[in-house]
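Visitor: I'd like to ask some things about the structure below.
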Amino acid sequence: MISAKFGISVASNVAVLAQQNNVQVIQQNPVNIIQTKTSKPRIRLCEYLLNFWDYDNSEFIKRYLAHGNNMTKKHAQNMISLVKNYWQPYFGNDVFVDDLDKPVLDDFFFFLYCEKGLKGGTVNKAINVGSRAMGYLFENGKIEKNPMFGVERFNPQQLERGIPTETEVRKLLDLNWYNDFQKLAFKLGVFCGLRAGEISGLRVCDLDLDTDIIHVRHSWSEVDGLKCPKNTDVRDLPIDHSTLIQLSNLAKLNPNYSDMSYIFFSSAKPEQPYQPSYYADGLYEALAMIGISEEQRKDRNIVFHSLRHFCATVLSQRTDLKTVQAFMGHRTEAMSKHYSDHETQEKLQNMKNIMQVTWNQILSA
């Protein structure tokens with residue numbers, strides 16, 4: 001044995017090594033296993049991106065060039081400009097890399113495309129900023145998951161915005177839909193900017209009829225079932241009283257009605273909600289009824305998630321970005337903590353006022 005040959009104790013040396021490196025020794029026969037006590041430090045998103053694309057100081061760029069690859073200083077400067085022009089204004093300086101996931105990033109890039117009006121090619125460059133940087137962290141074991149994995153690129157030639165017009169939204173609201181569930185889901189999309197999964201995740205206890213508020217606490221997916229929205233996507237949203245009553249009445253049709261039952265319950269399995277894709281089917285039928293063919297819808301790339309971006313667009317035309325983000329759902333816990341309780345109440349009241357004025361203008365046009 002090694003210990004006998006060299007006159008050393010393996011166990012004692014493991015203990016010394018563990019003490020020197022701040023790790024814990026777990027005794028298991030016949031060997032000792034070293035388990036680290038330390039956790040990975042959190043990384044501030046925009047600070048990291050700016051450092052990552054710093055041509056003169058970036059560890060990544062130095063290694064990249066050392067392996068014979070080519071990168072110009074201009075390219076790195078362009079990447080920094082994209083961080084400063086788009087990533088930083090949207091996420092701020094207090095967001096961490098581990099706050100990100102694919103839905104958050106999808107919303108960000110769609111925001112750049114639809115609400116900032118950037119061309120697909122420019123949005124793709126903003127995607128490149130994050131793809132290379134997040135990939136480097138993941139490949140080097142600095143983060144557990146790559147939040148950019150699966151993010152789709154945009155068509156650089158497609159100029160149309162994938163959202164309905166205000167006129168089309170008015171027609172859809174006036175329309176007699178085939179299905180009440182699907183029309184109410186549409187209203188939550190355009191009025192409140194709810195994602196399809198968040199609509200499915202709504203339960204009776206999420207409706208506050210006294211204050212005309214919807215508590216968005218969960219999301220439902222076909223794969224994961226009911227889950228909590230990430231960090232500050234948990235939010236309170238103002239809604240008009242008549243729509244809230246419609247939701248409450250719809251929920252009471254559930255044979256399993258209770259505080260915990262789903263509002264958009266499945267007729268086949270009342271203990272579960274409809275799958276999020278169900279609402280898209282109703283939207284497409286309604287669009288056809290107001291004269292938008294399937295071919296036209298596909299050409300314009302109108303999907304159910306477009307309703308969320310329609311909501312954000314009309315609100316952004318009437319108020320500041322922070323208020324829109326508060327209404328649509330803070331992206332991170334750090335963003336929520338930015339506001340005190342008093343400020344949060346003021347924001348909520350401000351959102352109610354803005355929403356009422358906004359929808360009065362749209363519906364009366």
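How things are named: the first chain in the structure tokens is A, the next is B, and so on; residues count from 1 in each chain; ligands count from 1 in the order shown.
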Considering only C-alpha atoms, return as a list in words whatever protein or nucleic-acid residues lie within 8 Å of Ala312 of chain A, sequence-local ones (same chain, fewer than 2 positions apart) excluded.

Guide: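 Near Ala312 of chain A, the qualifying residues are Glu115, Gly193, Arg308, His309, Phe310, Val314, Leu315, Ser316, Val324 and Met328 of chain A.
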
Visitor: Using only C-alpha atoms, find each residue in segment 174-221 of chain A having at least one atom no more than 8 Å away from segment 246-264 of chain A; report its shortest atom-to-atom pair and that distance in Å (one decimal), rows by chain then rising number, as a tab-separated table.

Guide:
residue	atom	partner	partner_atom	distance
A:Phe181	CA	A:Phe264	CA	6.5
A:Leu184	CA	A:Leu247	CA	7.4
A:Ile199	CA	A:Phe264	CA	7.4
A:Ser200	CA	A:Phe264	CA	5.9
A:Gly201	CA	A:Tyr262	CA	7.1
A:Leu202	CA	A:Tyr262	CA	6.0
A:Arg203	CA	A:Tyr262	CA	4.3
A:Val204	CA	A:Asp259	CA	4.9
A:Cys205	CA	A:Asp259	CA	4.9
A:Leu207	CA	A:Ser248	CA	7.5

Visitor: Write out, as an mmCIF file, in the first residue's frame, the residues just selected, with N, CA, C and O atoms.

Guide:
data_model
loop_
_atom_site.group_PDB
_atom_site.id
_atom_site.type_symbol
_atom_site.label_atom_id
_atom_site.label_comp_id
_atom_site.auth_asym_id
_atom_site.auth_seq_id
_atom_site.Cartn_x
_atom_site.Cartn_y
_atom_site.Cartn_z
ATOM 1 N N PHE A 181 -64.035 30.094 -21.743
ATOM 2 C CA PHE A 181 -62.700 29.954 -21.156
ATOM 3 C C PHE A 181 -61.657 30.653 -22.026
ATOM 4 O O PHE A 181 -60.785 31.379 -21.524
ATOM 5 N N LEU A 184 -61.945 34.541 -21.968
ATOM 6 C CA LEU A 184 -61.425 35.099 -20.720
ATOM 7 C C LEU A 184 -59.901 35.011 -20.671
ATOM 8 O O LEU A 184 -59.234 35.918 -20.163
ATOM 9 N N ILE A 199 -52.018 31.725 -16.690
ATOM 10 C CA ILE A 199 -53.479 31.646 -16.735
ATOM 11 C C ILE A 199 -53.938 30.271 -16.259
ATOM 12 O O ILE A 199 -54.848 30.144 -15.444
ATOM 13 N N SER A 200 -53.289 29.230 -16.763
ATOM 14 C CA SER A 200 -53.640 27.875 -16.333
ATOM 15 C C SER A 200 -53.394 27.685 -14.843
ATOM 16 O O SER A 200 -54.114 26.941 -14.169
ATOM 17 N N GLY A 201 -52.398 28.346 -14.297
ATOM 18 C CA GLY A 201 -52.042 28.187 -12.892
ATOM 19 C C GLY A 201 -52.916 28.957 -11.920
ATOM 20 O O GLY A 201 -52.780 28.801 -10.698
ATOM 21 N N LEU A 202 -53.850 29.792 -12.419
ATOM 22 C CA LEU A 202 -54.708 30.576 -11.527
ATOM 23 C C LEU A 202 -55.701 29.675 -10.783
ATOM 24 O O LEU A 202 -56.342 28.810 -11.379
ATOM 25 N N ARG A 203 -55.824 29.933 -9.463
ATOM 26 C CA ARG A 203 -56.785 29.202 -8.642
ATOM 27 C C ARG A 203 -57.740 30.194 -7.966
ATOM 28 O O ARG A 203 -57.517 31.405 -7.994
ATOM 29 N N VAL A 204 -58.784 29.682 -7.385
ATOM 30 C CA VAL A 204 -59.822 30.532 -6.780
ATOM 31 C C VAL A 204 -59.209 31.476 -5.745
ATOM 32 O O VAL A 204 -59.577 32.650 -5.658
ATOM 33 N N CYS A 205 -58.265 30.971 -4.967
ATOM 34 C CA CYS A 205 -57.651 31.787 -3.918
ATOM 35 C C CYS A 205 -56.821 32.937 -4.474
ATOM 36 O O CYS A 205 -56.406 33.826 -3.719
ATOM 37 N N LEU A 207 -57.990 35.128 -6.629
ATOM 38 C CA LEU A 207 -58.890 36.228 -6.976
ATOM 39 C C LEU A 207 -59.260 37.007 -5.718
ATOM 40 O O LEU A 207 -59.741 36.431 -4.744
#

Visitor: Return the single residue from A:Met351, A:Val169, A:Val97, A:Val129 that is closest to Lys322 of chain A, with distances computed using only C-alpha atoms.

Guide: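 Looking only at the distances to Lys322 of chain A, the closest residue turns out to be A:Met351.
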
Visitor: Between A:Pro273, A:Gly130, A:Pro89, A:Gly120, which is the closest to Trp220 of chain A once you count only C-alpha atoms?

Guide: A:Pro273

Visitor: Which one is closest to Gly135 of chain A: A:Phe60, A:Tyr278, A:Phe154, A:Phe265? Count only C-alpha atoms.

Guide: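 Checking each of A:Phe60, A:Tyr278, A:Phe154, A:Phe265 against Gly135 of chain A, counting only C-alpha atoms, the winner is A:Phe60.
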
Visitor: Could you check which of A:Thr358, A:Asn69, A:Gln296, A:Gln349 is closest to Thr211 of chain A, using only C-alpha atoms?

Guide: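 When distances to Thr211 of chain A are compared using only C-alpha atoms, the smallest one comes from A:Gln349.
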
Visitor: When you count only C-alpha atoms, which of these residues is closest to Pro147 of chain A: A:Lys102, A:Lys74, A:Lys269, A:Lys62?

Guide: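 Nearest candidate to Pro147 of chain A out of A:Lys102, A:Lys74, A:Lys269, A:Lys62: A:Lys102.
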
Visitor: Write out as a list in words all residues of segment 128-322 of chain A that backbone DSSP assigns to strand (DSSP E or B).

Guide: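 In segment 128-322 of chain A, DSSP puts these residues in strand (DSSP E or B): Arg203, Leu207, Asp208, Ile213, Ile214, His215, Val216, Ser219, Trp220, Ser221, Gly225, Leu226, Lys227, Arg235, Asp236, Leu237, Pro238, Tyr262, Phe265 and Pro273 of chain A.
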
Visitor: Could you save the residues just selected, with N, CA and C atoms, as a tab-separated table (two decimals), in the first residue's frame?

Guide:
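As written to disk, out-v6.tsv reads:
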chain	number	residue	atom	x	y	z
A	203	ARG	N	-55.82	29.93	-9.46
A	203	ARG	CA	-56.78	29.20	-8.64
A	203	ARG	C	-57.74	30.19	-7.97
A	207	LEU	N	-57.99	35.13	-6.63
A	207	LEU	CA	-58.89	36.23	-6.98
A	207	LEU	C	-59.26	37.01	-5.72
A	208	ASP	N	-59.03	38.30	-5.75
A	208	ASP	CA	-59.41	39.16	-4.63
A	208	ASP	C	-60.50	40.11	-5.11
A	213	ILE	N	-58.03	42.58	-7.51
A	213	ILE	CA	-56.64	42.20	-7.74
A	213	ILE	C	-56.58	40.71	-8.08
A	214	ILE	N	-55.68	40.36	-9.00
A	214	ILE	CA	-55.34	38.96	-9.25
A	214	ILE	C	-53.93	38.72	-8.72
A	215	HIS	N	-53.79	37.68	-7.90
A	215	HIS	CA	-52.47	37.29	-7.39
A	215	HIS	C	-51.88	36.24	-8.33
A	216	VAL	N	-50.82	36.59	-9.01
A	216	VAL	CA	-50.16	35.64	-9.92
A	216	VAL	C	-49.07	34.93	-9.13
A	219	SER	N	-47.53	29.00	-12.12
A	219	SER	CA	-47.61	28.76	-13.56
A	219	SER	C	-47.82	27.26	-13.75
A	220	TRP	N	-48.42	26.90	-14.87
A	220	TRP	CA	-48.66	25.49	-15.17
A	220	TRP	C	-48.03	25.17	-16.52
A	221	SER	N	-47.32	24.06	-16.58
A	221	SER	CA	-46.77	23.60	-17.85
A	221	SER	C	-47.12	22.14	-18.06
A	225	GLY	N	-46.16	20.57	-14.62
A	225	GLY	CA	-47.35	20.76	-13.81
A	225	GLY	C	-47.33	22.11	-13.13
A	226	LEU	N	-47.88	22.20	-11.91
A	226	LEU	CA	-47.94	23.47	-11.19
A	226	LEU	C	-46.59	23.79	-10.57
A	227	LYS	N	-46.13	25.00	-10.79
A	227	LYS	CA	-44.86	25.42	-10.21
A	227	LYS	C	-44.94	26.91	-9.90
A	235	ARG	N	-46.64	38.24	-8.48
A	235	ARG	CA	-47.03	39.65	-8.50
A	235	ARG	C	-48.54	39.81	-8.35
A	236	ASP	N	-48.96	41.02	-8.00
A	236	ASP	CA	-50.37	41.37	-7.91
A	236	ASP	C	-50.71	42.29	-9.08
A	237	LEU	N	-51.82	41.97	-9.74
A	237	LEU	CA	-52.21	42.75	-10.92
A	237	LEU	C	-53.63	43.30	-10.76
A	238	PRO	N	-53.83	44.56	-11.05
A	238	PRO	CA	-55.19	45.14	-11.02
A	238	PRO	C	-55.97	44.66	-12.24
A	262	TYR	N	-58.83	25.06	-9.72
A	262	TYR	CA	-58.38	25.88	-10.84
A	262	TYR	C	-59.54	26.64	-11.46
A	265	PHE	N	-60.38	25.23	-15.34
A	265	PHE	CA	-60.32	23.78	-15.14
A	265	PHE	C	-60.68	23.03	-16.41
A	273	PRO	N	-55.95	22.08	-14.74
A	273	PRO	CA	-56.35	23.15	-15.66
A	273	PRO	C	-56.17	22.71	-17.11

Visitor: Quick one: distance from atom CA of Asn93 of chain A to atom CA of Cys46 of chain A in Å, one decimal?

Guide: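 Computing it gives 6.0 Å between the two atoms.
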